[in-house]
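coords.txt, holding compact mmCIF, C-alpha atoms:
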```txt
# COMPACT_ATOMS: atom_id res chain seq x y z
CA MET W 361 49.69 -97.98 -120.77
CA SER W 362 49.17 -94.56 -119.36
CA ARG W 363 51.58 -93.20 -116.82
CA PRO W 364 50.10 -93.18 -113.33
CA ASP W 365 49.46 -89.70 -112.00
CA THR W 366 51.28 -89.53 -108.70
CA ARG W 367 50.55 -85.86 -108.04
CA SER W 368 48.41 -84.94 -105.09
CA GLU W 369 44.83 -83.74 -105.57
CA ILE W 370 45.79 -80.18 -104.75
CA SER W 371 48.66 -80.01 -107.26
CA ARG W 372 46.33 -81.23 -110.00
CA VAL W 373 43.79 -78.57 -109.18
CA ARG W 374 46.34 -75.75 -109.01
CA GLY W 375 46.82 -73.95 -112.27
CA LEU W 376 43.40 -74.97 -113.52
CA GLY W 377 40.21 -73.02 -113.55
CA SER W 378 39.98 -69.34 -112.84
CA ALA W 379 42.73 -66.80 -112.30
CA LYS W 380 42.34 -67.66 -108.61
CA ALA W 381 41.21 -64.17 -107.76
CA GLY W 382 37.56 -64.44 -108.72
CA VAL W 383 36.00 -63.36 -105.46
CA GLN W 384 38.23 -60.31 -105.07
CA HIS W 385 37.51 -59.32 -108.69
CA TRP W 386 33.76 -59.76 -108.25
CA TRP W 387 33.78 -57.83 -104.99
CA ALA W 388 35.94 -54.97 -106.30
CA GLN W 389 33.61 -54.64 -109.29
CA ARG W 390 30.61 -54.23 -106.97
CA LEU W 391 32.40 -51.91 -104.52
CA THR W 392 33.49 -49.56 -107.32
CA ALA W 393 29.95 -49.76 -108.74
CA VAL W 394 28.41 -48.70 -105.43
CA ALA W 395 30.96 -45.89 -105.06
CA LEU W 396 30.27 -44.70 -108.60
CA VAL W 397 26.52 -44.32 -108.13
CA PRO W 398 26.89 -41.07 -106.16
CA LEU W 399 30.28 -40.06 -107.64
CA SER W 400 29.27 -40.30 -111.28
CA ILE W 401 25.94 -38.53 -110.71
CA TRP W 402 27.81 -35.77 -108.85
CA TRP W 403 30.30 -35.40 -111.71
CA ILE W 404 27.59 -35.34 -114.41
CA ALA W 405 25.73 -32.66 -112.44
CA GLY W 406 28.96 -30.65 -112.22
CA MET W 407 29.45 -30.97 -115.96
CA ILE W 408 25.88 -29.93 -116.73
CA ALA W 409 26.28 -26.91 -114.45
CA HIS W 410 29.34 -25.90 -116.49
CA THR W 411 27.86 -26.38 -119.95
CA GLY W 412 29.46 -23.71 -122.12
CA ALA W 413 31.35 -22.29 -119.13
CA ALA W 414 34.56 -20.30 -119.52
CA ARG W 415 37.76 -22.19 -118.84
CA VAL W 416 38.61 -20.12 -115.76
CA ASP W 417 35.24 -20.93 -114.18
CA ALA W 418 35.62 -24.66 -114.86
CA ALA W 419 39.20 -24.55 -113.57
CA ALA W 420 38.16 -22.72 -110.39
CA TRP W 421 35.42 -25.31 -109.79
CA ILE W 422 37.80 -28.27 -110.11
CA ALA W 423 40.47 -26.54 -108.01
CA ARG W 424 38.24 -26.34 -104.95
CA PRO W 425 39.51 -28.98 -102.47
CA VAL W 426 36.25 -30.92 -102.19
CA ASN W 427 35.74 -31.02 -105.95
CA ALA W 428 39.38 -31.95 -106.58
CA THR W 429 39.13 -34.78 -104.05
CA LEU W 430 35.87 -36.11 -105.47
CA THR W 431 37.13 -35.81 -109.05
CA ILE W 432 40.27 -37.83 -108.32
CA LEU W 433 38.18 -40.44 -106.47
CA THR W 434 35.81 -40.60 -109.44
CA LEU W 435 38.76 -41.05 -111.82
CA ALA W 436 40.16 -43.89 -109.72
CA MET W 437 36.78 -45.64 -109.42
CA VAL W 438 35.80 -45.14 -113.08
CA PHE W 439 39.00 -46.57 -114.52
CA HIS W 440 39.25 -49.40 -112.01
CA HIS W 441 35.62 -50.34 -112.68
CA ALA W 442 36.11 -50.04 -116.46
CA GLN W 443 39.25 -52.19 -116.36
CA LEU W 444 37.52 -54.88 -114.29
CA GLY W 445 34.52 -54.89 -116.61
CA LEU W 446 36.56 -55.03 -119.83
CA GLN W 447 38.69 -57.81 -118.32
CA VAL W 448 35.58 -59.98 -117.96
CA VAL W 449 34.50 -59.28 -121.54
CA ILE W 450 37.97 -60.11 -122.88
CA GLU W 451 38.30 -63.28 -120.79
CA ASP W 452 34.87 -64.46 -121.92
CA TYR W 453 35.07 -63.67 -125.64
CA VAL W 454 38.72 -63.58 -126.79
CA HIS W 455 39.79 -67.17 -127.27
CA ASN W 456 43.21 -66.62 -128.85
CA GLU W 457 45.60 -66.78 -125.90
CA ALA W 458 48.15 -64.28 -127.27
CA ALA W 459 45.47 -61.76 -128.23
CA LYS W 460 43.76 -62.22 -124.88
CA ILE W 461 46.89 -61.57 -122.80
CA THR W 462 47.86 -58.61 -124.98
CA LEU W 463 44.41 -57.03 -124.67
CA LEU W 464 44.26 -57.61 -120.93
CA ILE W 465 47.60 -55.86 -120.44
CA ALA W 466 46.71 -53.05 -122.86
CA VAL W 467 43.43 -52.34 -121.07
CA LYS W 468 45.17 -52.31 -117.68
CA LEU W 469 47.86 -49.90 -118.91
CA LEU W 470 45.39 -47.64 -120.71
CA ALA W 471 43.16 -47.40 -117.64
CA LEU W 472 46.17 -46.56 -115.49
CA ILE W 473 47.47 -43.94 -117.93
CA LEU W 474 44.10 -42.19 -118.21
CA ALA W 475 43.53 -42.21 -114.45
CA VAL W 476 47.00 -40.83 -113.70
CA ALA W 477 46.79 -38.20 -116.47
CA GLY W 478 43.41 -37.04 -115.20
CA ALA W 479 44.52 -36.95 -111.58
CA LEU W 480 47.64 -34.96 -112.50
CA ALA W 481 45.52 -32.42 -114.37
CA VAL W 482 43.34 -32.02 -111.28
CA LEU W 483 46.41 -31.63 -109.05
CA ARG W 484 47.91 -29.06 -111.37
CA LEU W 485 44.70 -27.01 -111.18
CA MET W 486 44.50 -27.37 -107.42
CA LEU W 487 48.14 -26.72 -106.51
CA GLY W 488 49.47 -24.67 -109.41
CA GLY W 489 46.83 -21.99 -109.45
CA ALA W 490 46.75 -22.59 -113.21
CA ALA W 491 43.43 -20.77 -113.53
CA MET V 979 36.89 -37.46 -123.74
CA TRP V 980 36.50 -36.86 -120.01
CA VAL V 981 40.27 -36.96 -119.44
CA TRP V 982 40.79 -34.90 -122.59
CA TRP V 983 38.53 -32.24 -121.07
CA LEU V 984 40.37 -32.31 -117.70
CA LEU V 985 43.74 -32.00 -119.42
CA ALA V 986 42.42 -29.17 -121.57
CA VAL V 987 41.17 -27.22 -118.56
CA ALA V 988 44.59 -27.58 -116.97
CA ASP V 989 46.54 -26.97 -120.18
CA GLY V 990 45.28 -23.55 -121.02
CA PRO V 991 43.08 -21.49 -123.34
CA ASN V 992 44.12 -23.07 -126.64
CA ALA V 993 43.47 -26.65 -125.58
CA PHE V 994 40.22 -25.63 -123.92
CA ALA V 995 39.02 -23.74 -126.97
CA ALA V 996 39.69 -26.84 -129.07
CA ILE V 997 37.65 -29.22 -126.94
CA SER V 998 34.89 -26.63 -126.45
CA ALA V 999 34.57 -26.24 -130.20
CA PHE V 1000 34.54 -30.01 -130.72
CA SER V 1001 31.97 -30.59 -127.95
CA ALA V 1002 29.67 -27.94 -129.36
CA SER V 1003 29.91 -29.24 -132.95
CA ILE V 1004 27.17 -31.50 -134.33
CA LEU V 1005 29.44 -34.55 -134.14
CA GLY V 1006 30.49 -33.61 -130.60
CA ARG V 1007 26.86 -33.23 -129.50
CA ILE V 1008 25.85 -36.55 -131.06
CA LEU V 1009 28.76 -38.31 -129.32
CA LEU V 1010 27.99 -36.66 -125.98
CA PHE V 1011 24.28 -37.46 -126.31
CA GLY V 1012 25.05 -41.10 -127.05
CA TRP V 1013 27.45 -41.17 -124.14
CA THR V 1014 24.84 -39.64 -121.80
CA LEU V 1015 22.32 -42.28 -122.91
CA CYS V 1016 24.80 -45.11 -122.33
CA PHE V 1017 25.80 -43.66 -118.97
CA PHE V 1018 22.28 -43.51 -117.57
CA TYR V 1019 21.44 -46.93 -118.99
CA HIS V 1020 24.58 -48.44 -117.44
CA LEU V 1021 23.84 -46.67 -114.14
CA ALA V 1022 20.24 -47.90 -113.93
CA ASN V 1023 21.02 -51.43 -115.08
CA GLY V 1024 24.00 -51.52 -112.71
CA VAL V 1025 21.76 -50.70 -109.77
CA ARG V 1026 19.37 -53.40 -111.05
CA HIS V 1027 22.22 -55.91 -110.99
CA LEU V 1028 23.27 -54.83 -107.47
CA TRP V 1029 19.68 -55.42 -106.37
CA TRP V 1030 19.73 -58.87 -108.02
CA ASP V 1031 23.01 -59.59 -106.20
CA THR V 1032 21.11 -59.31 -102.94
CA GLY V 1033 18.84 -62.10 -104.18
CA ASN V 1034 15.82 -59.86 -104.74
CA GLY V 1035 13.60 -59.30 -107.75
CA LEU V 1036 14.64 -62.41 -109.64
CA ASP V 1037 11.15 -63.71 -110.49
CA LEU V 1038 10.02 -63.13 -114.07
CA PRO V 1039 7.42 -60.39 -113.45
CA SER V 1040 9.94 -58.39 -111.35
CA VAL V 1041 12.62 -58.81 -114.00
CA TYR V 1042 10.28 -57.41 -116.67
CA ARG V 1043 9.19 -54.57 -114.40
CA SER V 1044 12.75 -53.53 -113.46
CA GLY V 1045 13.81 -53.86 -117.12
CA TRP V 1046 11.20 -51.38 -118.28
CA THR V 1047 12.00 -49.15 -115.30
CA VAL V 1048 15.59 -49.01 -116.54
CA VAL V 1049 14.43 -48.03 -120.04
CA ALA V 1050 12.12 -45.34 -118.67
CA PHE V 1051 14.76 -43.98 -116.29
CA THR V 1052 17.33 -43.84 -119.09
CA ALA V 1053 15.00 -41.86 -121.34
CA VAL V 1054 13.87 -39.42 -118.66
CA ALA V 1055 17.34 -38.86 -117.14
CA THR V 1056 18.99 -38.34 -120.54
CA LEU V 1057 16.37 -35.84 -121.68
CA LEU V 1058 16.47 -34.05 -118.31
CA ALA V 1059 20.27 -33.81 -118.43
CA TRP V 1060 20.16 -32.28 -121.90
CA ILE V 1061 17.32 -29.90 -121.11
CA LEU V 1062 19.25 -28.69 -118.05
CA GLY V 1063 22.44 -28.40 -120.12
CA TYR V 1064 20.74 -26.27 -122.76
CA MET V 1065 19.14 -24.14 -120.03
CA VAL V 1066 22.53 -23.53 -118.40
CA ARG V 1067 24.09 -22.77 -121.75
CA GLY V 1068 21.24 -20.48 -122.78
CA ALA V 1069 20.26 -21.99 -126.19
```

With the file now loaded, output its structure as structure tokens.
Amino acid sequence: MSRPDTRSEISRVRGLGSAKAGVQHWWAQRLTAVALVPLSIWWIAGMIAHTGAARVDAAAWIARPVNATLTILTLAMVFHHAQLGLQVVIEDYVHNEAAKITLLIAVKLLALILAVAGALAVLRLMLGGAA
Amino acid sequence: MWVWWLLAVADGPNAFAAISAFSASILGRILLFGWTLCFFYHLANGVRHLWWDTGNGLDLPSVYRSGWTVVAFTAVATLLAWILGYMVRGA
């Protein structure tokens, strides 16, 4: 005889299904995508314009307030968008629970490290007069 | 590679010389070309998905048309980016 389930409907549903943040995740992925359409094209154009440029010229370009601002915004959007995208791939295709959790955390940390490192480099150029 | 480049610009001449040499090498150019291709493909297909998210263009003929548009855009944008890059660089 099976034990009767006396839990309420809501307590049975809780803890099942998604990570309970699906809409926010989906929306953040689209918002960062929309932001990255102009930002990434702007950055690529900046890179093309500095093909083979001397370091001082590249440094002076990044150090300009508008470019520094846009570069840091691009960094934030790129790594947030990349983390969200990789999270979906991992959740969909990695079926070993330990490997999945480890990868999810690793991707989050790596994205954060790269974004912070990049932003600090930009700040150093802007504030330190490193050129 | 992007963050490597930013750090190198901030770090000084030695680090910048290293990444400049790597970027200009055959391997560096192949990697950057592949990355450019992937970037423009991801950009175009991403816009395609945003358009789909609005509920538009989901019938089969439109899907085929936008798919080939993405392929064409990727090819043209990648080539244009590299032509401009070589023009800026001067060979």

For chain W, report every residue with an atom at most 9 Å from chain V (counting all atoms listed in the file), formatted as a ChimeraX atom specification. /W:390,393-394,396-397,400,404-405,407-416,418-419,422,435,474-475,477-482,484-485,490-491

Same residues, C-alpha atoms, saved as a JSON list (two decimals), in the frame of the given file:
```json
[["chain", "number", "residue", "atom", "x", "y", "z"],
["W", 390, "ARG", "CA", 30.61, -54.23, -106.97],
["W", 393, "ALA", "CA", 29.95, -49.76, -108.74],
["W", 394, "VAL", "CA", 28.41, -48.70, -105.43],
["W", 396, "LEU", "CA", 30.27, -44.70, -108.60],
["W", 397, "VAL", "CA", 26.52, -44.32, -108.13],
["W", 400, "SER", "CA", 29.27, -40.30, -111.28],
["W", 404, "ILE", "CA", 27.59, -35.34, -114.41],
["W", 405, "ALA", "CA", 25.73, -32.66, -112.44],
["W", 407, "MET", "CA", 29.45, -30.97, -115.96],
["W", 408, "ILE", "CA", 25.88, -29.93, -116.73],
["W", 409, "ALA", "CA", 26.28, -26.91, -114.45],
["W", 410, "HIS", "CA", 29.34, -25.90, -116.49],
["W", 411, "THR", "CA", 27.86, -26.38, -119.95],
["W", 412, "GLY", "CA", 29.46, -23.71, -122.12],
["W", 413, "ALA", "CA", 31.35, -22.29, -119.13],
["W", 414, "ALA", "CA", 34.56, -20.30, -119.52],
["W", 415, "ARG", "CA", 37.76, -22.19, -118.84],
["W", 416, "VAL", "CA", 38.61, -20.12, -115.76],
["W", 418, "ALA", "CA", 35.62, -24.66, -114.86],
["W", 419, "ALA", "CA", 39.20, -24.55, -113.57],
["W", 422, "ILE", "CA", 37.80, -28.27, -110.11],
["W", 435, "LEU", "CA", 38.76, -41.05, -111.82],
["W", 474, "LEU", "CA", 44.10, -42.19, -118.21],
["W", 475, "ALA", "CA", 43.53, -42.21, -114.45],
["W", 477, "ALA", "CA", 46.79, -38.20, -116.47],
["W", 478, "GLY", "CA", 43.41, -37.04, -115.20],
["W", 479, "ALA", "CA", 44.52, -36.95, -111.58],
["W", 480, "LEU", "CA", 47.64, -34.96, -112.50],
["W", 481, "ALA", "CA", 45.52, -32.42, -114.37],
["W", 482, "VAL", "CA", 43.34, -32.02, -111.28],
["W", 484, "ARG", "CA", 47.91, -29.06, -111.37],
["W", 485, "LEU", "CA", 44.70, -27.01, -111.18],
["W", 490, "ALA", "CA", 46.75, -22.59, -113.21],
["W", 491, "ALA", "CA", 43.43, -20.77, -113.53]]
```

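Between Leu1015 in chain V and the residues V:Ala996, V:Leu1058, V:Thr1052, V:Arg1043, the shortest atom-to-atom distance, using only C-alpha atoms, involves V:Thr1052.
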
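The two atoms in question, CA of Val426 in chain W and CA of Leu487 in chain W, are spaced 13.3 Å apart.
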
For range 385-389 of chain W, find every residue with an atom within 7 Å (counting all atoms listed in the file), except residues of its own chain fewer than 3 positions away, and show them as an MDAnalysis selection string. chainID W and resid 381:382 392:393 441 444

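Taking CA of Gly1035 in chain V and CA of Val1048 in chain V as endpoints, the distance between them is 13.7 Å.
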
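Residue nearest Trp1029 in chain V, chosen from V:Val1054, V:Ser1044, V:Cys1016, V:Asn992 and counting all atoms listed in the file: V:Ser1044.
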
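Candidate residues W:Leu391, W:Met486, W:Ile370, W:Ile465 were compared for distance to Ile450 in chain W, and the nearest is W:Ile465, using all atoms listed in the file.
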
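If you look at CA of Val476 in chain W and CA of Lys460 in chain W, they are 24.4 Å away from each other.
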
Please, could N, CA and C atoms be added to range 1022-1039 of chain V and the result written as a PDB file, in the coordinates of the input?
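Generated file (out_38.pdb):
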```
ATOM      1  N   ALA V1022      21.499 -47.291-114.373  1.00  0.00           N
ATOM      2  CA  ALA V1022      20.240 -47.900-113.930  1.00  0.00           C
ATOM      3  C   ALA V1022      20.347 -49.427-113.925  1.00  0.00           C
ATOM      4  N   ASN V1023      20.911 -49.970-115.008  1.00  0.00           N
ATOM      5  CA  ASN V1023      21.020 -51.430-115.080  1.00  0.00           C
ATOM      6  C   ASN V1023      22.025 -51.953-114.059  1.00  0.00           C
ATOM      7  N   GLY V1024      23.035 -51.131-113.732  1.00  0.00           N
ATOM      8  CA  GLY V1024      24.000 -51.520-112.710  1.00  0.00           C
ATOM      9  C   GLY V1024      23.338 -51.625-111.345  1.00  0.00           C
ATOM     10  N   VAL V1025      22.488 -50.649-111.033  1.00  0.00           N
ATOM     11  CA  VAL V1025      21.760 -50.700-109.770  1.00  0.00           C
ATOM     12  C   VAL V1025      20.844 -51.911-109.755  1.00  0.00           C
ATOM     13  N   ARG V1026      20.225 -52.221-110.915  1.00  0.00           N
ATOM     14  CA  ARG V1026      19.370 -53.400-111.050  1.00  0.00           C
ATOM     15  C   ARG V1026      20.155 -54.672-110.729  1.00  0.00           C
ATOM     16  N   HIS V1027      21.397 -54.735-111.265  1.00  0.00           N
ATOM     17  CA  HIS V1027      22.220 -55.910-110.990  1.00  0.00           C
ATOM     18  C   HIS V1027      22.627 -55.986-109.518  1.00  0.00           C
ATOM     19  N   LEU V1028      22.922 -54.834-108.895  1.00  0.00           N
ATOM     20  CA  LEU V1028      23.270 -54.830-107.470  1.00  0.00           C
ATOM     21  C   LEU V1028      22.096 -55.346-106.646  1.00  0.00           C
ATOM     22  N   TRP V1029      20.893 -54.962-107.057  1.00  0.00           N
ATOM     23  CA  TRP V1029      19.680 -55.420-106.370  1.00  0.00           C
ATOM     24  C   TRP V1029      19.535 -56.934-106.550  1.00  0.00           C
ATOM     25  N   TRP V1030      19.771 -57.422-107.769  1.00  0.00           N
ATOM     26  CA  TRP V1030      19.730 -58.870-108.020  1.00  0.00           C
ATOM     27  C   TRP V1030      20.763 -59.594-107.159  1.00  0.00           C
ATOM     28  N   ASP V1031      21.945 -58.956-106.986  1.00  0.00           N
ATOM     29  CA  ASP V1031      23.010 -59.590-106.200  1.00  0.00           C
ATOM     30  C   ASP V1031      22.584 -59.849-104.760  1.00  0.00           C
ATOM     31  N   THR V1032      21.595 -59.070-104.291  1.00  0.00           N
ATOM     32  CA  THR V1032      21.110 -59.310-102.940  1.00  0.00           C
ATOM     33  C   THR V1032      20.067 -60.429-102.919  1.00  0.00           C
ATOM     34  N   GLY V1033      19.774 -60.982-104.092  1.00  0.00           N
ATOM     35  CA  GLY V1033      18.840 -62.100-104.180  1.00  0.00           C
ATOM     36  C   GLY V1033      17.397 -61.669-104.347  1.00  0.00           C
ATOM     37  N   ASN V1034      17.189 -60.371-104.603  1.00  0.00           N
ATOM     38  CA  ASN V1034      15.820 -59.860-104.740  1.00  0.00           C
ATOM     39  C   ASN V1034      15.431 -59.651-106.202  1.00  0.00           C
ATOM     40  N   GLY V1035      14.150 -59.675-106.444  1.00  0.00           N
ATOM     41  CA  GLY V1035      13.600 -59.300-107.750  1.00  0.00           C
ATOM     42  C   GLY V1035      13.963 -60.227-108.881  1.00  0.00           C
ATOM     43  N   LEU V1036      14.181 -61.492-108.595  1.00  0.00           N
ATOM     44  CA  LEU V1036      14.640 -62.410-109.640  1.00  0.00           C
ATOM     45  C   LEU V1036      13.497 -63.200-110.299  1.00  0.00           C
ATOM     46  N   ASP V1037      12.251 -63.028-109.809  1.00  0.00           N
ATOM     47  CA  ASP V1037      11.150 -63.710-110.490  1.00  0.00           C
ATOM     48  C   ASP V1037      10.805 -62.958-111.786  1.00  0.00           C
ATOM     49  N   LEU V1038      10.196 -63.677-112.722  1.00  0.00           N
ATOM     50  CA  LEU V1038      10.020 -63.130-114.070  1.00  0.00           C
ATOM     51  C   LEU V1038       9.249 -61.814-114.111  1.00  0.00           C
ATOM     52  N   PRO V1039       8.133 -61.679-113.412  1.00  0.00           N
ATOM     53  CA  PRO V1039       7.420 -60.390-113.450  1.00  0.00           C
ATOM     54  C   PRO V1039       8.298 -59.233-112.963  1.00  0.00           C
TER      55      PRO V1039
END
```
